Amino acid sequence: MEDNVTLDADQLRARARLLALLDRRGHPVKRHRGSYLYGRPGRGKTMLMDHFFAGVASNRKRRFHFHNFFAELHTAAHESGSIDKAIDTLLGNAELVCFDEFHVHDIGDAMLIARMLDALFARHIMLVVTSNYPPEQLLPNPLFHDRFLPTIARIVAHLDVVSVDGPLDYRTRGGADTAFAAGRYLVCDTTDAENPAAPGRRAAAPDVGVDIPVGTRTIRARAVDDDALVIDFTALCGTATAASDYVELARRFHHWTLRDVAPLREVPPDWAMRLVNLIDVLYDADRELTLMAHVPLSDLVADVPAIPDIARTASRLGELHQPESVAIGAHRTGAYVG
């Protein structure tokens, strides 16, 4: 760990547990139990895992983010015609797999995760996971939770569950040296006349812009300039886009401007969930984001019902610079104040 980074007690314990997974040469200890690090957002879990991963003296290691993993899995399954072959392709000859932001909210994802974990454990591949949830809270939907209990039992049987919790969200301290943290959260003054789609209602396609292909569809962006994308919240999150689409776009565009984001309690839940997934993808890919919202961040995420991981989204958006409010009229053409 960097000399100027001071770890708290939970982080020190977690780092010690991770270092115990390696031998003196920095190789994963064969047939050693892996680690499952969990805690609320901003507790440094990803930092700890990434530092551990970087220090592993092996080229037989893989690191996945949840959304990237599923995007790659579905691509490989389409090419091979088999989920099991796709899992084999992704794992390759790995002796260590690190999985960031592990969460299970969907029964379809749950079944794929179960097959992936079965393959990992059968091959005695060491697994390190970060999550906002302890294993017993995965797939909390009471309609499906019982079906995931055998997988939870296998997780606990093969991984040491390590709490990295505490009251402090380290993102609130600022100072992160990343492209994402160099972005801005702008509160934009707006009126219904300037913004014909009232919060929670689909906006008409902009009069100016460009259609860009995403997966099997196209979406209407305000502007595209080399590696920069300017797009309305309704155009991206108000249509049937998926996390895999955001992964594809994040590979193409390094600078993002997301406009006219309404309070999430005022939009359909699937729009809010797409924003959660989008921020996850941009944060993991370390893409610079300017988010132009109708209200301050605290109000953007307040009173949002039944949207998993909204706290993580708030924590990550909290890293963005938040200058004074600006008038939205200056932004209607896709340009933004520098």
# chains A, B, ... in the order shown; residues from 1 in each chain; ligands from 1
call {"tool": "select_by_dssp", "arguments": {"residues": "segment 128-316 of chain A", "states": "alpha helix (DSSP H)", "output": "PyMOL selection string"}}
result
chain A and resi 145-158+233-237+243-252+269-285+297-300+310-316
call {"tool": "residues_around", "arguments": {"residues": "Val224 of chain A", "least_positions_apart": "2", "cutoff": "12 Å", "atoms": "only C-alpha atoms", "output": "ChimeraX atom specification"}}
result
/A:208-212,219-222,226-231,249,252-257,333-335
call {"tool": "write_last_selection", "arguments": {"atoms": "N, CA and C atoms", "output": "tab-separated table (two decimals), in the first residue's frame"}}
result
chain	number	residue	atom	x	y	z
A	208	VAL	N	-31.43	18.28	-32.68
A	208	VAL	CA	-30.08	18.14	-33.23
A	208	VAL	C	-29.40	17.00	-32.52
A	209	GLY	N	-28.48	16.36	-33.20
A	209	GLY	CA	-27.77	15.26	-32.56
A	209	GLY	C	-27.32	14.25	-33.59
A	210	VAL	N	-26.95	13.09	-33.08
A	210	VAL	CA	-26.44	12.04	-33.94
A	210	VAL	C	-26.86	10.69	-33.39
A	211	ASP	N	-27.26	9.80	-34.27
A	211	ASP	CA	-27.58	8.43	-33.87
A	211	ASP	C	-26.30	7.63	-33.79
A	212	ILE	N	-26.11	6.92	-32.66
A	212	ILE	CA	-24.93	6.08	-32.52
A	212	ILE	C	-25.38	4.65	-32.27
A	219	ILE	N	-29.05	4.87	-30.38
A	219	ILE	CA	-29.56	5.86	-29.44
A	219	ILE	C	-29.17	7.24	-29.95
A	220	ARG	N	-29.94	8.23	-29.55
A	220	ARG	CA	-29.75	9.59	-30.05
A	220	ARG	C	-28.92	10.39	-29.06
A	221	ALA	N	-27.74	10.74	-29.46
A	221	ALA	CA	-26.86	11.57	-28.64
A	221	ALA	C	-26.99	13.02	-29.05
A	222	ARG	N	-26.71	13.93	-28.12
A	222	ARG	CA	-26.68	15.35	-28.45
A	222	ARG	C	-25.48	15.69	-29.32
A	226	ASP	N	-14.93	12.84	-31.28
A	226	ASP	CA	-13.81	11.94	-31.00
A	226	ASP	C	-14.19	10.99	-29.86
A	227	ASP	N	-13.60	11.19	-28.67
A	227	ASP	CA	-13.88	10.27	-27.57
A	227	ASP	C	-14.80	10.89	-26.53
A	228	ALA	N	-15.59	11.92	-26.93
A	228	ALA	CA	-16.51	12.58	-26.01
A	228	ALA	C	-17.95	12.34	-26.46
A	229	LEU	N	-18.82	12.10	-25.48
A	229	LEU	CA	-20.23	11.84	-25.72
A	229	LEU	C	-21.08	12.78	-24.88
A	230	VAL	N	-22.04	13.45	-25.49
A	230	VAL	CA	-23.01	14.29	-24.79
A	230	VAL	C	-24.39	13.70	-25.07
A	231	ILE	N	-25.12	13.33	-24.02
A	231	ILE	CA	-26.38	12.62	-24.22
A	231	ILE	C	-27.35	12.95	-23.10
A	249	LEU	N	-20.13	1.44	-24.76
A	249	LEU	CA	-19.96	2.88	-24.93
A	249	LEU	C	-18.76	3.41	-24.16
A	252	ARG	N	-15.65	3.20	-26.02
A	252	ARG	CA	-15.54	4.13	-27.15
A	252	ARG	C	-15.34	5.57	-26.71
A	253	PHE	N	-15.96	5.96	-25.59
A	253	PHE	CA	-15.96	7.35	-25.17
A	253	PHE	C	-15.34	7.50	-23.78
A	254	HIS	N	-14.35	8.38	-23.68
A	254	HIS	CA	-13.64	8.60	-22.41
A	254	HIS	C	-14.17	9.81	-21.65
A	255	HIS	N	-14.91	10.67	-22.31
A	255	HIS	CA	-15.43	11.88	-21.68
A	255	HIS	C	-16.94	11.91	-21.91
A	256	TRP	N	-17.69	11.95	-20.82
A	256	TRP	CA	-19.14	11.84	-20.88
A	256	TRP	C	-19.79	13.09	-20.30
A	257	THR	N	-20.88	13.55	-20.95
A	257	THR	CA	-21.76	14.54	-20.37
A	257	THR	C	-23.17	13.97	-20.41
A	333	THR	N	-27.51	22.95	-26.54
A	333	THR	CA	-26.97	22.52	-27.82
A	333	THR	C	-25.97	21.41	-27.69
A	334	GLY	N	-25.65	21.03	-26.48
A	334	GLY	CA	-24.66	19.97	-26.27
A	334	GLY	C	-23.34	20.50	-25.78
A	335	ALA	N	-23.12	21.81	-25.88
A	335	ALA	CA	-21.91	22.38	-25.31
A	335	ALA	C	-22.08	22.50	-23.81
call {"tool": "residues_around", "arguments": {"residues": "Ser315 of chain A", "least_positions_apart": "4", "cutoff": "7 Å", "atoms": "only C-alpha atoms", "output": "PyMOL selection string"}}
result
chain A and resi 41-42+171+311
call {"tool": "residues_around", "arguments": {"residues": "segment 306-308 of chain A", "least_positions_apart": "5", "cutoff": "9 Å", "atoms": "only C-alpha atoms", "output": "list in words"}}
result
His105, Pro269, Asp270, Ala272, Met273 and Val276 of chain A
call {"tool": "atom_distance", "arguments": {"atom1": "atom CA of Arg63 of chain A", "atom2": "atom CA of Phe99 of chain A"}}
result
6.0 Å
call {"tool": "atom_distance", "arguments": {"atom1": "atom CA of Arg147 of chain A", "atom2": "atom CA of Val162 of chain A"}}
result
24.1 Å
call {"tool": "closest_residue", "arguments": {"among": "A:Ala242, A:Thr130, A:Ala250, A:Asp232", "to": "Thr216 of chain A", "atoms": "only C-alpha atoms"}}
result
A:Ala242
call {"tool": "residues_around", "arguments": {"residues": "segment 49-56 of chain A", "least_positions_apart": "6", "cutoff": "10 Å", "atoms": "only C-alpha atoms", "output": "list in words"}}
result
Met1, Glu2, Ala14, Arg15, Leu18, Leu19, Leu21, Leu22, Asp23, Arg25, Gly26, His27, Pro28, Ser35, Leu37, Arg62, Arg63, Leu96, Val97, Cys98, Phe99, Asp100, Val128, Val129 and Thr130 of chain A
call {"tool": "select_by_dssp", "arguments": {"residues": "segment 41-218 of chain A", "states": "strand (DSSP E or B)", "output": "number ranges by chain"}}
result
A: 61-65, 96-100, 126-131, 159-163, 184-189, 210-214, 217-218
